[in-house]
>>> print(open('entry08.cif').read())   # mmCIF, C-alpha atoms
data_upload
loop_
_atom_site.label_atom_id
_atom_site.label_comp_id
_atom_site.auth_asym_id
_atom_site.auth_seq_id
_atom_site.Cartn_x
_atom_site.Cartn_y
_atom_site.Cartn_z
CA MET P 1 29.41 -98.74 -105.67
CA PRO P 2 29.98 -95.05 -106.36
CA MET P 3 27.13 -92.68 -105.56
CA ILE P 4 26.85 -91.49 -109.18
CA GLU P 5 26.08 -95.03 -110.36
CA ILE P 6 23.43 -95.48 -107.69
CA LEU P 7 21.77 -92.24 -108.75
CA ALA P 8 21.89 -93.31 -112.42
CA ILE P 9 20.28 -96.66 -111.51
CA LEU P 10 17.57 -94.88 -109.51
CA SER P 11 16.86 -92.53 -112.38
CA ALA P 12 16.63 -95.37 -114.89
CA GLY P 13 14.47 -97.48 -112.56
CA ALA P 14 12.11 -94.55 -111.97
CA ALA P 15 11.74 -94.04 -115.73
CA ALA P 16 10.88 -97.71 -116.13
CA GLY P 17 8.31 -97.38 -113.36
CA MET P 18 6.39 -94.87 -115.49
CA ARG P 19 6.69 -96.30 -119.00
CA ILE P 20 8.15 -99.48 -120.47
CA GLY P 21 8.74 -99.05 -124.19
CA LEU P 22 9.80 -95.42 -124.22
CA PRO P 23 12.77 -95.75 -121.82
CA LEU P 24 14.06 -98.88 -123.56
CA LEU P 25 13.75 -97.21 -126.96
CA MET P 26 15.51 -94.07 -125.74
CA ILE P 27 18.37 -96.01 -124.10
CA GLY P 28 18.90 -97.92 -127.34
CA ILE P 29 18.95 -94.73 -129.37
CA LEU P 30 21.22 -92.92 -126.91
CA GLN P 31 23.75 -95.76 -127.12
CA GLY P 32 24.26 -94.97 -130.80
CA ASP P 33 25.62 -97.73 -133.05
CA GLN P 34 25.63 -100.24 -130.19
CA LEU P 35 21.78 -100.38 -130.05
CA TRP P 36 21.09 -102.45 -126.94
CA SER P 37 24.32 -104.45 -127.23
CA GLN P 38 25.03 -103.84 -123.52
CA MET P 39 21.63 -105.06 -122.31
CA PRO P 40 21.54 -108.73 -121.27
CA VAL P 41 18.31 -109.95 -122.86
CA LEU P 42 17.81 -107.40 -125.61
CA SER P 43 21.28 -107.91 -127.11
CA ARG P 44 20.13 -111.30 -128.45
CA ILE P 45 17.24 -109.80 -130.45
CA SER P 46 17.74 -108.15 -133.83
CA PRO P 47 17.92 -104.34 -133.50
CA HIS P 48 15.46 -103.91 -136.37
CA ILE P 49 12.86 -106.04 -134.62
CA LEU P 50 13.48 -104.26 -131.31
CA ILE P 51 13.09 -100.83 -132.87
CA GLY P 52 9.81 -101.90 -134.44
CA LEU P 53 8.43 -103.47 -131.27
CA LEU P 54 9.55 -100.71 -128.92
CA THR P 55 8.36 -97.95 -131.24
CA SER P 56 4.95 -99.61 -131.58
CA TRP P 57 4.60 -100.13 -127.83
CA SER P 58 5.84 -96.60 -127.08
CA LEU P 59 3.24 -95.10 -129.42
CA PHE P 60 0.56 -97.31 -127.86
CA GLU P 61 1.65 -96.17 -124.38
CA LEU P 62 1.61 -92.52 -125.36
CA PHE P 63 -1.78 -92.54 -127.09
CA ALA P 64 -3.69 -95.21 -125.17
CA SER P 65 -2.81 -93.73 -121.79
CA LYS P 66 -4.93 -90.68 -122.59
CA LYS P 67 -8.20 -92.70 -122.41
CA LEU P 68 -9.57 -94.67 -119.45
CA ILE P 69 -9.65 -98.10 -121.13
CA GLY P 70 -6.17 -97.53 -122.54
CA GLN P 71 -4.90 -96.57 -119.09
CA ARG P 72 -6.33 -99.77 -117.69
CA ILE P 73 -4.61 -101.91 -120.34
CA VAL P 74 -1.30 -100.08 -119.98
CA GLN P 75 -1.44 -100.33 -116.16
CA HIS P 76 -1.93 -104.10 -116.26
CA VAL P 77 0.95 -104.65 -118.67
CA HIS P 78 3.21 -102.27 -116.78
CA LEU P 79 2.47 -103.87 -113.44
CA PHE P 80 3.95 -107.16 -114.59
CA LEU P 81 6.75 -105.90 -116.85
CA SER P 82 8.02 -102.81 -115.01
CA PRO P 83 10.33 -104.75 -112.62
CA VAL P 84 11.94 -106.52 -115.57
CA VAL P 85 12.38 -103.30 -117.54
CA GLY P 86 13.64 -101.51 -114.41
CA ALA P 87 16.26 -104.21 -113.95
CA LEU P 88 17.31 -103.96 -117.61
CA MET P 89 17.47 -100.18 -117.43
CA GLY P 90 19.57 -100.33 -114.27
CA LEU P 91 21.96 -102.78 -115.89
CA SER P 92 22.24 -100.62 -119.01
CA VAL P 93 23.27 -97.45 -117.17
CA ALA P 94 25.64 -99.23 -114.78
CA SER P 95 27.24 -101.69 -117.18
CA ALA P 96 30.86 -100.77 -116.39
CA THR P 97 30.58 -101.09 -112.61
CA GLN P 98 32.20 -103.54 -110.24
CA THR P 99 28.91 -103.97 -108.39
CA PRO P 100 27.24 -107.37 -108.76
CA SER P 101 24.72 -107.25 -111.56
CA TRP P 102 22.04 -108.90 -109.41
CA LEU P 103 22.20 -105.95 -106.98
CA VAL P 104 21.95 -103.40 -109.79
CA ALA P 105 19.00 -105.29 -111.30
CA LEU P 106 17.33 -105.56 -107.90
CA ILE P 107 17.58 -101.82 -107.21
CA GLY P 108 16.25 -100.83 -110.64
CA GLY P 109 13.51 -103.45 -110.66
CA LEU P 110 12.24 -102.73 -107.16
CA LEU P 111 12.12 -98.99 -107.72
CA ALA P 112 10.21 -99.49 -110.97
CA LEU P 113 7.76 -101.80 -109.19
CA VAL P 114 7.21 -99.32 -106.35
CA PHE P 115 6.47 -96.49 -108.78
CA GLN P 116 4.15 -98.68 -110.81
CA LEU P 117 2.28 -99.78 -107.69
CA VAL P 118 1.81 -96.13 -106.70
CA LEU P 119 0.52 -95.30 -110.18
CA VAL P 120 -1.90 -98.23 -110.09
CA GLY P 121 -3.05 -97.15 -106.64
CA TRP P 122 -3.76 -93.62 -107.82
CA PHE P 123 -5.44 -94.97 -110.94
CA TYR P 124 -7.94 -96.98 -108.91
CA ARG P 125 -8.29 -94.35 -106.18
CA LEU P 126 -9.15 -91.60 -108.69
CA ARG P 127 -10.96 -93.94 -111.12
CA GLY P 128 -8.54 -93.03 -113.87
CA LEU P 129 -5.58 -90.67 -114.03
CA PRO P 130 -6.24 -87.10 -115.11
CA ILE P 131 -4.78 -86.11 -118.47
CA TRP P 132 -2.36 -83.61 -116.88
CA ALA P 133 -0.92 -86.40 -114.71
CA VAL P 134 -0.42 -88.63 -117.76
CA PHE P 135 1.40 -85.84 -119.62
CA MET P 136 3.54 -85.19 -116.55
CA GLN P 137 4.34 -88.91 -116.40
CA ASP P 138 5.48 -88.85 -120.04
CA VAL P 139 7.68 -85.79 -119.52
CA LEU P 140 9.19 -87.21 -116.32
CA CYS P 141 9.94 -90.52 -118.02
CA ILE P 142 11.81 -88.87 -120.88
CA THR P 143 13.63 -86.51 -118.53
CA LEU P 144 14.71 -89.33 -116.21
CA VAL P 145 16.14 -91.36 -119.09
CA PHE P 146 18.19 -88.40 -120.32
CA PHE P 147 19.36 -87.65 -116.80
CA ALA P 148 20.27 -91.30 -116.15
CA VAL P 149 22.67 -91.15 -119.09
CA ASP P 150 23.93 -87.55 -119.03
CA ALA P 151 23.31 -86.15 -115.54
CA PRO P 152 22.83 -88.99 -113.04
CA ARG P 153 22.92 -86.70 -110.00
CA LYS P 154 19.91 -84.71 -111.18
CA GLY P 155 18.04 -87.82 -112.29
CA GLY P 156 18.75 -89.66 -109.07
CA LEU P 157 17.61 -86.71 -106.98
CA ILE P 158 14.38 -86.49 -108.98
CA ALA P 159 13.89 -90.23 -108.46
CA LEU P 160 14.43 -89.82 -104.70
CA VAL P 161 11.89 -86.98 -104.55
CA LEU P 162 9.43 -89.18 -106.44
CA LEU P 163 10.11 -92.01 -103.99
CA TRP P 164 9.41 -89.62 -101.12
CA LEU P 165 6.10 -88.68 -102.79
CA ALA P 166 5.30 -92.37 -103.17
CA ILE P 167 5.83 -92.86 -99.44
CA LEU P 168 3.56 -89.89 -98.71
CA SER P 169 0.95 -91.42 -101.01
CA ALA P 170 1.07 -94.66 -99.05
CA LYS P 171 0.57 -92.74 -95.82
CA TYR P 172 -2.37 -90.86 -97.36
CA TRP P 173 -3.98 -94.09 -98.60
CA TYR P 174 -3.54 -95.72 -95.21
CA SER P 175 -5.28 -92.87 -93.39
CA TRP P 176 -8.03 -92.83 -96.03
CA TYR P 177 -8.53 -96.57 -95.71
CA LYS P 178 -8.63 -96.48 -91.90
CA GLY P 179 -11.57 -94.13 -91.74
CA ASP P 180 -11.22 -90.74 -93.35
CA ARG P 181 -12.74 -91.75 -96.73
CA LYS P 182 -14.40 -88.40 -97.44
CA ARG P 183 -11.39 -86.96 -99.33
#
>>> encode(input="entry08.cif", output="structure tokens")
Amino acid sequence: MPMIEILAILSAGAAAGMRIGLPLLMIGILQGDQLWSQMPVLSRISPHILIGLLTSWSLFELFASKKLIGQRIVQHVHLFLSPVVGALMGLSVASATQTPSWLVALIGGLLALVFQLVLVGWFYRLRGLPIWAVFMQDVLCITLVFFAVDAPRKGGLIALVLLWLAILSAKYWYSWYKGDRKR
């Protein structure tokens, strides 16, 4: 598997770890007339229905995530669906590869799950995400989708930096849990 494809899969998986509807909607729009024809599950659904559903969910994600109860609802839905969307996103950006599709789906899905677990952890640790963090999440999601399609090196490197930050977060939580809970 060429390095560029791995970086594109990482970028797409990271975007799916932050939002669900927005990356799928953007990938469909960026594909032009094909509209999700390359995605395994979504190719069987009418594009008109998909555009309606994904637009509605994307708007709900964008507006509901600004309030605490909306964040809670979005976090629960994302926790269960982010691995699936990460796998679909990974398959959509690496559709012309010789790599087994199960490996591509596994990489994208696991990265999306890791990012979603980190977001859920910060949500419960801080008792809600601050509004600046939610806006940053939206901007990063959109940026990662564009980079996954047009500049996979940049998107993959951003995804790797975010993965590094996720590992640092886990280390911070572990030390906080083991005794230093005053932070």
>>> residues_around(input="entry08.cif", residues="Leu144 in chain P", least_positions_apart="5", cutoff="8 Å", atoms="all atoms listed in the file", output="PyMOL selection string")
chain P and resi 11-12+14-15+155+158-159
>>> closest_residue(input="entry08.cif", among="P:Ile142, P:Leu106, P:Leu129, P:Val93", to="Ile9 in chain P", atoms="all atoms listed in the file")
P:Val93
>>> axis_aligned_box(input="entry08.cif", around="range 159-172 of chain P", padding_each_side="8 Å", output="lines of an AutoDock Vina configuration file")
center_x = 6.0
center_y = -90.8
center_z = -102.1
size_x = 32.8
size_y = 23.7
size_z = 28.6
>>> resolve_selection(input="entry08.cif", expression="the PyMOL selection byres ((chain P and resi 154) around 12)", output="list in words")
Ile4, Ile6, Leu7, Ala8, Ile9, Leu10, Ser11, Ala12, Thr143, Leu144, Val145, Phe146, Phe147, Ala148, Val149, Asp150, Ala151, Pro152, Arg153, Gly155, Gly156, Leu157, Ile158, Ala159, Leu160 and Val161 of chain P
>>> residues_around(input="entry08.cif", residues="Val104 in chain P", least_positions_apart="5", cutoff="8 Å", atoms="only C-alpha atoms", output="NGL selection string")
:P and (9 or 87 or 90-91 or 94 or 99)
>>> residues_around(input="entry08.cif", residues="Arg127 in chain P", least_positions_apart="2", cutoff="12 Å", atoms="only C-alpha atoms", output="compact mmCIF listing (two decimals) with C-alpha atoms, keeping the file's coordinate frame")
# COMPACT_ATOMS: atom_id res chain seq x y z
CA LYS P 67 -8.20 -92.70 -122.41
CA LEU P 68 -9.57 -94.67 -119.45
CA ILE P 69 -9.65 -98.10 -121.13
CA GLN P 71 -4.90 -96.57 -119.09
CA ARG P 72 -6.33 -99.77 -117.69
CA LEU P 119 0.52 -95.30 -110.18
CA VAL P 120 -1.90 -98.23 -110.09
CA GLY P 121 -3.05 -97.15 -106.64
CA TRP P 122 -3.76 -93.62 -107.82
CA PHE P 123 -5.44 -94.97 -110.94
CA TYR P 124 -7.94 -96.98 -108.91
CA ARG P 125 -8.29 -94.35 -106.18
CA LEU P 129 -5.58 -90.67 -114.03
CA PRO P 130 -6.24 -87.10 -115.11
>>> closest_residue(input="entry08.cif", among="P:Leu110, P:Val85, P:Ile131, P:Ala170", to="Pro23 in chain P", atoms="all atoms listed in the file")
P:Val85
>>> resolve_selection(input="entry08.cif", expression="the PyMOL selection byres ((chain P and resi 135) around 12)", output="short mmCIF file (atom, residue, chain, number, x, y, z; two decimals) with C-alpha atoms, keeping the file's coordinate frame")
data_model
loop_
_atom_site.label_atom_id
_atom_site.label_comp_id
_atom_site.auth_asym_id
_atom_site.auth_seq_id
_atom_site.Cartn_x
_atom_site.Cartn_y
_atom_site.Cartn_z
CA MET P 18 6.39 -94.87 -115.49
CA ARG P 19 6.69 -96.30 -119.00
CA GLU P 61 1.65 -96.17 -124.38
CA LEU P 62 1.61 -92.52 -125.36
CA PHE P 63 -1.78 -92.54 -127.09
CA SER P 65 -2.81 -93.73 -121.79
CA LYS P 66 -4.93 -90.68 -122.59
CA LEU P 129 -5.58 -90.67 -114.03
CA PRO P 130 -6.24 -87.10 -115.11
CA ILE P 131 -4.78 -86.11 -118.47
CA TRP P 132 -2.36 -83.61 -116.88
CA ALA P 133 -0.92 -86.40 -114.71
CA VAL P 134 -0.42 -88.63 -117.76
CA MET P 136 3.54 -85.19 -116.55
CA GLN P 137 4.34 -88.91 -116.40
CA ASP P 138 5.48 -88.85 -120.04
CA VAL P 139 7.68 -85.79 -119.52
CA LEU P 140 9.19 -87.21 -116.32
CA CYS P 141 9.94 -90.52 -118.02
CA ILE P 142 11.81 -88.87 -120.88
#
>>> residues_around(input="entry08.cif", residues="Ser37 in chain P", least_positions_apart="6", cutoff="9 Å", atoms="only C-alpha atoms", output="PyMOL selection string")
chain P and resi 28+31+43-44+47
>>> atom_distance(input="entry08.cif", atom1="CA of Gly32 in chain P", atom2="CA of Leu50 in chain P")
14.2 Å
>>> atom_distance(input="entry08.cif", atom1="CA of Gly21 in chain P", atom2="CA of Trp102 in chain P")
22.2 Å
>>> atom_distance(input="entry08.cif", atom1="CA of Ile20 in chain P", atom2="CA of Trp164 in chain P")
21.8 Å
>>> closest_residue(input="entry08.cif", among="P:Leu53, P:Gly128, P:Leu24, P:Ser58", to="Gln75 in chain P", atoms="all atoms listed in the file")
P:Gly128
>>> residues_near_point(input="entry08.cif", point="(23.3, -104.0, -120.2)", cutoff="6 Å", atoms="all atoms listed in the file", output="PDB file with C-alpha atoms, in the frame of the given file")
ATOM      1  CA  GLN P  38      25.030-103.840-123.520  1.00  0.00           C
ATOM      2  CA  MET P  39      21.630-105.060-122.310  1.00  0.00           C
ATOM      3  CA  PRO P  40      21.540-108.730-121.270  1.00  0.00           C
ATOM      4  CA  LEU P  91      21.960-102.780-115.890  1.00  0.00           C
ATOM      5  CA  SER P  92      22.240-100.620-119.010  1.00  0.00           C
ATOM      6  CA  SER P  95      27.240-101.690-117.180  1.00  0.00           C
TER       7      SER P  95
END
>>> resolve_selection(input="entry08.cif", expression="the PyMOL selection byres ((chain P and resi 173) around 12)", output="NGL selection string")
:P and (118 or 121-122 or 124-126 or 166-172 or 174-183)
>>> write_last_selection(input="entry08.cif", atoms="C-alpha atoms", output="PDB file, in the frame of the given file")
ATOM      1  CA  VAL P 118       1.810 -96.130-106.700  1.00  0.00           C
ATOM      2  CA  GLY P 121      -3.050 -97.150-106.640  1.00  0.00           C
ATOM      3  CA  TRP P 122      -3.760 -93.620-107.820  1.00  0.00           C
ATOM      4  CA  TYR P 124      -7.940 -96.980-108.910  1.00  0.00           C
ATOM      5  CA  ARG P 125      -8.290 -94.350-106.180  1.00  0.00           C
ATOM      6  CA  LEU P 126      -9.150 -91.600-108.690  1.00  0.00           C
ATOM      7  CA  ALA P 166       5.300 -92.370-103.170  1.00  0.00           C
ATOM      8  CA  ILE P 167       5.830 -92.860 -99.440  1.00  0.00           C
ATOM      9  CA  LEU P 168       3.560 -89.890 -98.710  1.00  0.00           C
ATOM     10  CA  SER P 169       0.950 -91.420-101.010  1.00  0.00           C
ATOM     11  CA  ALA P 170       1.070 -94.660 -99.050  1.00  0.00           C
ATOM     12  CA  LYS P 171       0.570 -92.740 -95.820  1.00  0.00           C
ATOM     13  CA  TYR P 172      -2.370 -90.860 -97.360  1.00  0.00           C
ATOM     14  CA  TYR P 174      -3.540 -95.720 -95.210  1.00  0.00           C
ATOM     15  CA  SER P 175      -5.280 -92.870 -93.390  1.00  0.00           C
ATOM     16  CA  TRP P 176      -8.030 -92.830 -96.030  1.00  0.00           C
ATOM     17  CA  TYR P 177      -8.530 -96.570 -95.710  1.00  0.00           C
ATOM     18  CA  LYS P 178      -8.630 -96.480 -91.900  1.00  0.00           C
ATOM     19  CA  GLY P 179     -11.570 -94.130 -91.740  1.00  0.00           C
ATOM     20  CA  ASP P 180     -11.220 -90.740 -93.350  1.00  0.00           C
ATOM     21  CA  ARG P 181     -12.740 -91.750 -96.730  1.00  0.00           C
ATOM     22  CA  LYS P 182     -14.400 -88.400 -97.440  1.00  0.00           C
ATOM     23  CA  ARG P 183     -11.390 -86.960 -99.330  1.00  0.00           C
TER      24      ARG P 183
END
>>> build_atoms(input="entry08.cif", residues="range 26-52 of chain P", atoms="N, CA, C and O atoms", output="PDB file, in the coordinates of the input")
ATOM      1  N   MET P  26      14.592 -95.203-125.888  1.00  0.00           N
ATOM      2  CA  MET P  26      15.510 -94.070-125.740  1.00  0.00           C
ATOM      3  C   MET P  26      16.920 -94.518-125.371  1.00  0.00           C
ATOM      4  O   MET P  26      17.897 -93.978-125.882  1.00  0.00           O
ATOM      5  N   ILE P  27      17.037 -95.499-124.482  1.00  0.00           N
ATOM      6  CA  ILE P  27      18.370 -96.010-124.100  1.00  0.00           C
ATOM      7  C   ILE P  27      19.057 -96.604-125.322  1.00  0.00           C
ATOM      8  O   ILE P  27      20.243 -96.396-125.539  1.00  0.00           O
ATOM      9  N   GLY P  28      18.318 -97.343-126.125  1.00  0.00           N
ATOM     10  CA  GLY P  28      18.900 -97.920-127.340  1.00  0.00           C
ATOM     11  C   GLY P  28      19.374 -96.859-128.298  1.00  0.00           C
ATOM     12  O   GLY P  28      20.454 -96.962-128.888  1.00  0.00           O
ATOM     13  N   ILE P  29      18.575 -95.811-128.462  1.00  0.00           N
ATOM     14  CA  ILE P  29      18.950 -94.730-129.370  1.00  0.00           C
ATOM     15  C   ILE P  29      20.116 -93.930-128.820  1.00  0.00           C
ATOM     16  O   ILE P  29      21.033 -93.548-129.562  1.00  0.00           O
ATOM     17  N   LEU P  30      20.126 -93.700-127.513  1.00  0.00           N
ATOM     18  CA  LEU P  30      21.220 -92.920-126.910  1.00  0.00           C
ATOM     19  C   LEU P  30      22.553 -93.669-126.946  1.00  0.00           C
ATOM     20  O   LEU P  30      23.607 -93.049-126.883  1.00  0.00           O
ATOM     21  N   GLN P  31      22.512 -94.986-127.048  1.00  0.00           N
ATOM     22  CA  GLN P  31      23.750 -95.760-127.120  1.00  0.00           C
ATOM     23  C   GLN P  31      24.388 -95.694-128.496  1.00  0.00           C
ATOM     24  O   GLN P  31      25.492 -96.168-128.687  1.00  0.00           O
ATOM     25  N   GLY P  32      23.690 -95.147-129.465  1.00  0.00           N
ATOM     26  CA  GLY P  32      24.260 -94.970-130.800  1.00  0.00           C
ATOM     27  C   GLY P  32      24.318 -96.265-131.582  1.00  0.00           C
ATOM     28  O   GLY P  32      23.350 -96.998-131.680  1.00  0.00           O
ATOM     29  N   ASP P  33      25.508 -96.552-132.181  1.00  0.00           N
ATOM     30  CA  ASP P  33      25.620 -97.730-133.050  1.00  0.00           C
ATOM     31  C   ASP P  33      25.495 -99.035-132.269  1.00  0.00           C
ATOM     32  O   ASP P  33      25.279-100.077-132.864  1.00  0.00           O
ATOM     33  N   GLN P  34      25.672 -99.008-130.975  1.00  0.00           N
ATOM     34  CA  GLN P  34      25.630-100.240-130.190  1.00  0.00           C
ATOM     35  C   GLN P  34      24.220-100.810-130.069  1.00  0.00           C
ATOM     36  O   GLN P  34      24.047-102.013-129.962  1.00  0.00           O
ATOM     37  N   LEU P  35      23.192 -99.971-130.083  1.00  0.00           N
ATOM     38  CA  LEU P  35      21.780-100.380-130.050  1.00  0.00           C
ATOM     39  C   LEU P  35      21.517-101.613-129.177  1.00  0.00           C
ATOM     40  O   LEU P  35      21.401-102.720-129.662  1.00  0.00           O
ATOM     41  N   TRP P  36      21.431-101.434-127.925  1.00  0.00           N
ATOM     42  CA  TRP P  36      21.090-102.450-126.940  1.00  0.00           C
ATOM     43  C   TRP P  36      22.120-103.573-126.827  1.00  0.00           C
ATOM     44  O   TRP P  36      21.821-104.629-126.282  1.00  0.00           O
ATOM     45  N   SER P  37      23.325-103.380-127.319  1.00  0.00           N
ATOM     46  CA  SER P  37      24.320-104.450-127.230  1.00  0.00           C
ATOM     47  C   SER P  37      24.795-104.676-125.794  1.00  0.00           C
ATOM     48  O   SER P  37      25.321-105.740-125.483  1.00  0.00           O
ATOM     49  N   GLN P  38      24.609-103.702-124.913  1.00  0.00           N
ATOM     50  CA  GLN P  38      25.030-103.840-123.520  1.00  0.00           C
ATOM     51  C   GLN P  38      23.940-104.416-122.618  1.00  0.00           C
ATOM     52  O   GLN P  38      24.208-104.718-121.471  1.00  0.00           O
ATOM     53  N   MET P  39      22.738-104.569-123.136  1.00  0.00           N
ATOM     54  CA  MET P  39      21.630-105.060-122.310  1.00  0.00           C
ATOM     55  C   MET P  39      21.543-106.582-122.416  1.00  0.00           C
ATOM     56  O   MET P  39      21.546-107.125-123.516  1.00  0.00           O
ATOM     57  N   PRO P  40      21.455-107.271-121.288  1.00  0.00           N
ATOM     58  CA  PRO P  40      21.540-108.730-121.270  1.00  0.00           C
ATOM     59  C   PRO P  40      20.560-109.464-122.175  1.00  0.00           C
ATOM     60  O   PRO P  40      20.953-110.293-122.964  1.00  0.00           O
ATOM     61  N   VAL P  41      19.311-109.190-122.092  1.00  0.00           N
ATOM     62  CA  VAL P  41      18.310-109.950-122.860  1.00  0.00           C
ATOM     63  C   VAL P  41      18.132-109.373-124.256  1.00  0.00           C
ATOM     64  O   VAL P  41      18.048-110.109-125.241  1.00  0.00           O
ATOM     65  N   LEU P  42      18.104-108.060-124.339  1.00  0.00           N
ATOM     66  CA  LEU P  42      17.810-107.400-125.610  1.00  0.00           C
ATOM     67  C   LEU P  42      18.940-107.509-126.619  1.00  0.00           C
ATOM     68  O   LEU P  42      18.718-107.335-127.815  1.00  0.00           O
ATOM     69  N   SER P  43      20.148-107.805-126.178  1.00  0.00           N
ATOM     70  CA  SER P  43      21.280-107.910-127.110  1.00  0.00           C
ATOM     71  C   SER P  43      21.143-109.131-128.020  1.00  0.00           C
ATOM     72  O   SER P  43      21.779-109.202-129.061  1.00  0.00           O
ATOM     73  N   ARG P  44      20.305-110.081-127.643  1.00  0.00           N
ATOM     74  CA  ARG P  44      20.130-111.300-128.450  1.00  0.00           C
ATOM     75  C   ARG P  44      19.065-111.146-129.531  1.00  0.00           C
ATOM     76  O   ARG P  44      18.920-112.019-130.373  1.00  0.00           O
ATOM     77  N   ILE P  45      18.315-110.039-129.481  1.00  0.00           N
ATOM     78  CA  ILE P  45      17.240-109.800-130.450  1.00  0.00           C
ATOM     79  C   ILE P  45      17.757-108.824-131.506  1.00  0.00           C
ATOM     80  O   ILE P  45      18.511-107.903-131.191  1.00  0.00           O
ATOM     81  N   SER P  46      17.332-109.017-132.734  1.00  0.00           N
ATOM     82  CA  SER P  46      17.740-108.150-133.830  1.00  0.00           C
ATOM     83  C   SER P  46      17.343-106.698-133.547  1.00  0.00           C
ATOM     84  O   SER P  46      16.213-106.443-133.133  1.00  0.00           O
ATOM     85  N   PRO P  47      18.262-105.748-133.757  1.00  0.00           N
ATOM     86  CA  PRO P  47      17.920-104.340-133.500  1.00  0.00           C
ATOM     87  C   PRO P  47      16.744-103.833-134.314  1.00  0.00           C
ATOM     88  O   PRO P  47      15.969-103.004-133.841  1.00  0.00           O
ATOM     89  N   HIS P  48      16.584-104.344-135.528  1.00  0.00           N
ATOM     90  CA  HIS P  48      15.460-103.910-136.370  1.00  0.00           C
ATOM     91  C   HIS P  48      14.124-104.339-135.768  1.00  0.00           C
ATOM     92  O   HIS P  48      13.157-103.568-135.776  1.00  0.00           O
ATOM     93  N   ILE P  49      14.078-105.549-135.257  1.00  0.00           N
ATOM     94  CA  ILE P  49      12.860-106.040-134.620  1.00  0.00           C
ATOM     95  C   ILE P  49      12.583-105.261-133.338  1.00  0.00           C
ATOM     96  O   ILE P  49      11.446-104.878-133.061  1.00  0.00           O
ATOM     97  N   LEU P  50      13.641-105.012-132.555  1.00  0.00           N
ATOM     98  CA  LEU P  50      13.480-104.260-131.310  1.00  0.00           C
ATOM     99  C   LEU P  50      12.983-102.847-131.563  1.00  0.00           C
ATOM    100  O   LEU P  50      12.103-102.360-130.843  1.00  0.00           O
ATOM    101  N   ILE P  51      13.536-102.194-132.561  1.00  0.00           N
ATOM    102  CA  ILE P  51      13.090-100.830-132.870  1.00  0.00           C
ATOM    103  C   ILE P  51      11.618-100.842-133.257  1.00  0.00           C
ATOM    104  O   ILE P  51      10.839 -99.999-132.799  1.00  0.00           O
ATOM    105  N   GLY P  52      11.214-101.804-134.048  1.00  0.00           N
ATOM    106  CA  GLY P  52       9.810-101.900-134.440  1.00  0.00           C
ATOM    107  C   GLY P  52       8.889-102.166-133.259  1.00  0.00           C
ATOM    108  O   GLY P  52       7.859-101.507-133.099  1.00  0.00           O
TER     109      GLY P  52
END
